Amino acid sequence: MMQLRLYSLCRKLNLEFAVCPLLHSGLPNCSAPSSLSYLLPASVYKGEDLNYPVLFLSDFGQERKRNNKWKRHILRIIILGIISWATAFQLLRKFLPKRSFEFCNRLVSTVHATLAVTLASLSVEDWTCPVCPPASKPSPSQMQTLAVSLSYLIYDLICCQFDKRVTIDNTIHHLVSIVGIGAGLAYGKCGSELIAALCITELSSPFLHLRELLKELGHGGTDLSLVADILFAAVFSFARMGFGPCLTWVTLTANNPLVIKAMAVGLQLVSAYWFYKIARMMNYKLAKRVASKNLVCTQ
């Protein structure tokens, strides 16, 4: 019974192990310190050579301590991140008193989008297959990247509640993203998929914020604003409606927890809804621009 419990716990911690069978006459002939009395039960053992590293009970305890240390480290990053994003917003409000609440928040969001895409790109382990292996344990760099973005999403969700314009779809998007990333960090799975999702969702964010920033700076309705609109629509459609469904399918077919699969579907549904709104917006703006040019030509 104790052996089964140890085996189950190792499986939950995603530990790779192979164990030598216990012999009444002593330890088998493997590279094991003689001071250790016994090993975990073996399922893979061929002669004198082991296919995987041997996990001793003392090593098991050390592995558990390392996991707990990493969890505390990730929690510190999240807490420090929330404080840092909030501090940056307050500093912008102080140095830009004539700008609106939304203007300063969008500046913070632009910084996060740039940082998130950069860190996510650097944490990809294999660019020939960015989502391989599916349902894998996040690497240390991936966990730190996800923690930074999780801290921003928590900050932004709280910050947006104080804005004059609170939209239901944006709130749902934040909640789905927070639960999805939080579940990935808690379960220690879906690392590659979450990093790919972070790249896909944040790739169009700088162009989204640029559109709104130009409006407040007095450039709304200009050619520059139209270029920003077109760039945002193109990047959003390419990323979220091109790669998004593929990533959702990979997440659903992999051995991921149910909550992560549900959040993947939810995020894709929100993206599809936004794509519909963006398509209508661009159709209206382009038709309006063509009509205004025709009017000028006739005059």
# chains A, B, ... in the order shown; residues from 1 in each chain; ligands from 1

$ residues_around --residues "stretch 182-196 of chain A" --least-positions-apart "6" --cutoff "10 Å" --atoms "only C-alpha atoms" --output "NGL selection string"
:A and (12-14 or 71 or 74 or 116-117 or 119-121 or 123-126 or 129-140 or 142-147 or 150 or 176 or 243-244 or 247-248 or 250-251 or 254-261 or 263-264)

$ select_by_dssp --residues "stretch 96-280 of chain A" --states "alpha helix (DSSP H)" --output "PyMOL selection string"
chain A and resi 101-123+140-160+168-187+191-202+205-216+223-238+244-253+258-280

$ closest_residue --among "A:Ile181, A:Leu252, A:Leu107, A:Met241" --to "A:Arg211" --atoms "only C-alpha atoms"
A:Leu107

$ closest_residue --among "A:Thr118, A:Ser205, A:Ser292, A:Thr87" --to "A:Cys104" --atoms "only C-alpha atoms"
A:Thr87

$ atom_distance --atom1 "atom CA of A:Thr253" --atom2 "atom CA of A:Ala113"
28.2 Å

$ residues_around --residues "A:Gln161" --least-positions-apart "6" --cutoff "12 Å" --atoms "only C-alpha atoms" --output "ChimeraX atom specification"
/A:101-102,105,154-155,167-168,170-171,174

$ decode --residues "stretch 203-214 of chain A" --atoms "all heavy atoms" --output "PDB file, in the first residue's frame"
ATOM      1  N   LEU A 203      -0.353  39.391 -29.328  1.00  0.00           N
ATOM      2  CA  LEU A 203       0.301  39.891 -30.535  1.00  0.00           C
ATOM      3  C   LEU A 203      -0.406  41.106 -31.114  1.00  0.00           C
ATOM      4  O   LEU A 203       0.242  42.039 -31.621  1.00  0.00           O
ATOM      5  CB  LEU A 203       0.363  38.771 -31.579  1.00  0.00           C
ATOM      6  CG  LEU A 203       1.372  38.941 -32.719  1.00  0.00           C
ATOM      7  CD1 LEU A 203       2.784  39.054 -32.180  1.00  0.00           C
ATOM      8  CD2 LEU A 203       1.268  37.773 -33.686  1.00  0.00           C
ATOM      9  N   SER A 204      -1.736  41.133 -31.037  1.00  0.00           N
ATOM     10  CA  SER A 204      -2.500  42.244 -31.610  1.00  0.00           C
ATOM     11  C   SER A 204      -2.771  43.362 -30.609  1.00  0.00           C
ATOM     12  O   SER A 204      -3.276  44.420 -30.991  1.00  0.00           O
ATOM     13  CB  SER A 204      -3.838  41.725 -32.149  1.00  0.00           C
ATOM     14  OG  SER A 204      -4.597  41.134 -31.116  1.00  0.00           O
ATOM     15  N   SER A 205      -2.427  43.149 -29.334  1.00  0.00           N
ATOM     16  CA  SER A 205      -2.762  44.136 -28.297  1.00  0.00           C
ATOM     17  C   SER A 205      -2.122  45.510 -28.511  1.00  0.00           C
ATOM     18  O   SER A 205      -2.796  46.533 -28.328  1.00  0.00           O
ATOM     19  CB  SER A 205      -2.383  43.587 -26.917  1.00  0.00           C
ATOM     20  OG  SER A 205      -3.194  42.487 -26.583  1.00  0.00           O
ATOM     21  N   PRO A 206      -0.831  45.621 -28.886  1.00  0.00           N
ATOM     22  CA  PRO A 206      -0.274  46.960 -29.102  1.00  0.00           C
ATOM     23  C   PRO A 206      -1.022  47.767 -30.161  1.00  0.00           C
ATOM     24  O   PRO A 206      -1.192  48.983 -30.018  1.00  0.00           O
ATOM     25  CB  PRO A 206       1.170  46.659 -29.550  1.00  0.00           C
ATOM     26  CG  PRO A 206       1.484  45.332 -28.953  1.00  0.00           C
ATOM     27  CD  PRO A 206       0.200  44.571 -29.015  1.00  0.00           C
ATOM     28  N   PHE A 207      -1.498  47.112 -31.224  1.00  0.00           N
ATOM     29  CA  PHE A 207      -2.245  47.811 -32.273  1.00  0.00           C
ATOM     30  C   PHE A 207      -3.636  48.220 -31.784  1.00  0.00           C
ATOM     31  O   PHE A 207      -4.147  49.270 -32.159  1.00  0.00           O
ATOM     32  CB  PHE A 207      -2.352  46.924 -33.509  1.00  0.00           C
ATOM     33  CG  PHE A 207      -1.028  46.485 -34.053  1.00  0.00           C
ATOM     34  CD1 PHE A 207      -0.556  45.199 -33.812  1.00  0.00           C
ATOM     35  CD2 PHE A 207      -0.239  47.355 -34.784  1.00  0.00           C
ATOM     36  CE1 PHE A 207       0.677  44.799 -34.294  1.00  0.00           C
ATOM     37  CE2 PHE A 207       0.999  46.963 -35.279  1.00  0.00           C
ATOM     38  CZ  PHE A 207       1.454  45.681 -35.034  1.00  0.00           C
ATOM     39  N   LEU A 208      -4.219  47.384 -30.917  1.00  0.00           N
ATOM     40  CA  LEU A 208      -5.505  47.736 -30.309  1.00  0.00           C
ATOM     41  C   LEU A 208      -5.380  48.993 -29.470  1.00  0.00           C
ATOM     42  O   LEU A 208      -6.193  49.921 -29.587  1.00  0.00           O
ATOM     43  CB  LEU A 208      -6.006  46.567 -29.440  1.00  0.00           C
ATOM     44  CG  LEU A 208      -7.163  46.873 -28.488  1.00  0.00           C
ATOM     45  CD1 LEU A 208      -8.425  47.211 -29.267  1.00  0.00           C
ATOM     46  CD2 LEU A 208      -7.406  45.709 -27.539  1.00  0.00           C
ATOM     47  N   HIS A 209      -4.365  49.049 -28.632  1.00  0.00           N
ATOM     48  CA  HIS A 209      -4.182  50.211 -27.764  1.00  0.00           C
ATOM     49  C   HIS A 209      -3.744  51.437 -28.562  1.00  0.00           C
ATOM     50  O   HIS A 209      -4.112  52.568 -28.206  1.00  0.00           O
ATOM     51  CB  HIS A 209      -3.162  49.892 -26.679  1.00  0.00           C
ATOM     52  CG  HIS A 209      -3.556  48.721 -25.825  1.00  0.00           C
ATOM     53  ND1 HIS A 209      -4.786  48.620 -25.213  1.00  0.00           N
ATOM     54  CD2 HIS A 209      -2.887  47.585 -25.475  1.00  0.00           C
ATOM     55  CE1 HIS A 209      -4.867  47.502 -24.530  1.00  0.00           C
ATOM     56  NE2 HIS A 209      -3.719  46.845 -24.681  1.00  0.00           N
ATOM     57  N   LEU A 210      -2.982  51.221 -29.634  1.00  0.00           N
ATOM     58  CA  LEU A 210      -2.557  52.336 -30.468  1.00  0.00           C
ATOM     59  C   LEU A 210      -3.755  53.064 -31.058  1.00  0.00           C
ATOM     60  O   LEU A 210      -3.768  54.306 -31.130  1.00  0.00           O
ATOM     61  CB  LEU A 210      -1.634  51.831 -31.580  1.00  0.00           C
ATOM     62  CG  LEU A 210      -1.138  52.878 -32.583  1.00  0.00           C
ATOM     63  CD1 LEU A 210      -0.314  53.959 -31.876  1.00  0.00           C
ATOM     64  CD2 LEU A 210      -0.318  52.218 -33.689  1.00  0.00           C
ATOM     65  N   ARG A 211      -4.783  52.343 -31.460  1.00  0.00           N
ATOM     66  CA  ARG A 211      -5.996  52.953 -32.016  1.00  0.00           C
ATOM     67  C   ARG A 211      -6.625  53.923 -31.021  1.00  0.00           C
ATOM     68  O   ARG A 211      -6.962  55.063 -31.357  1.00  0.00           O
ATOM     69  CB  ARG A 211      -7.022  51.870 -32.362  1.00  0.00           C
ATOM     70  CG  ARG A 211      -6.612  50.924 -33.450  1.00  0.00           C
ATOM     71  CD  ARG A 211      -7.607  49.793 -33.612  1.00  0.00           C
ATOM     72  NE  ARG A 211      -8.957  50.290 -33.877  1.00  0.00           N
ATOM     73  CZ  ARG A 211      -9.975  50.202 -33.025  1.00  0.00           C
ATOM     74  NH1 ARG A 211      -9.813  49.644 -31.842  1.00  0.00           N
ATOM     75  NH2 ARG A 211     -11.157  50.671 -33.373  1.00  0.00           N
ATOM     76  N   GLU A 212      -6.759  53.475 -29.773  1.00  0.00           N
ATOM     77  CA  GLU A 212      -7.405  54.304 -28.751  1.00  0.00           C
ATOM     78  C   GLU A 212      -6.512  55.460 -28.317  1.00  0.00           C
ATOM     79  O   GLU A 212      -7.004  56.551 -28.013  1.00  0.00           O
ATOM     80  CB  GLU A 212      -7.780  53.435 -27.548  1.00  0.00           C
ATOM     81  CG  GLU A 212      -8.707  52.282 -27.888  1.00  0.00           C
ATOM     82  CD  GLU A 212     -10.025  52.763 -28.476  1.00  0.00           C
ATOM     83  OE1 GLU A 212     -10.497  53.858 -28.098  1.00  0.00           O
ATOM     84  OE2 GLU A 212     -10.589  52.042 -29.326  1.00  0.00           O
ATOM     85  N   LEU A 213      -5.211  55.237 -28.270  1.00  0.00           N
ATOM     86  CA  LEU A 213      -4.284  56.311 -27.894  1.00  0.00           C
ATOM     87  C   LEU A 213      -4.303  57.426 -28.931  1.00  0.00           C
ATOM     88  O   LEU A 213      -4.257  58.616 -28.587  1.00  0.00           O
ATOM     89  CB  LEU A 213      -2.865  55.756 -27.736  1.00  0.00           C
ATOM     90  CG  LEU A 213      -2.641  54.746 -26.592  1.00  0.00           C
ATOM     91  CD1 LEU A 213      -1.212  54.211 -26.629  1.00  0.00           C
ATOM     92  CD2 LEU A 213      -2.937  55.378 -25.240  1.00  0.00           C
ATOM     93  N   LEU A 214      -4.368  57.058 -30.214  1.00  0.00           N
ATOM     94  CA  LEU A 214      -4.406  58.061 -31.277  1.00  0.00           C
ATOM     95  C   LEU A 214      -5.672  58.910 -31.189  1.00  0.00           C
ATOM     96  O   LEU A 214      -5.642  60.120 -31.460  1.00  0.00           O
ATOM     97  CB  LEU A 214      -4.323  57.380 -32.642  1.00  0.00           C
ATOM     98  CG  LEU A 214      -2.952  56.806 -33.028  1.00  0.00           C
ATOM     99  CD1 LEU A 214      -3.051  56.025 -34.335  1.00  0.00           C
ATOM    100  CD2 LEU A 214      -1.915  57.922 -33.146  1.00  0.00           C
TER     101      LEU A 214
END
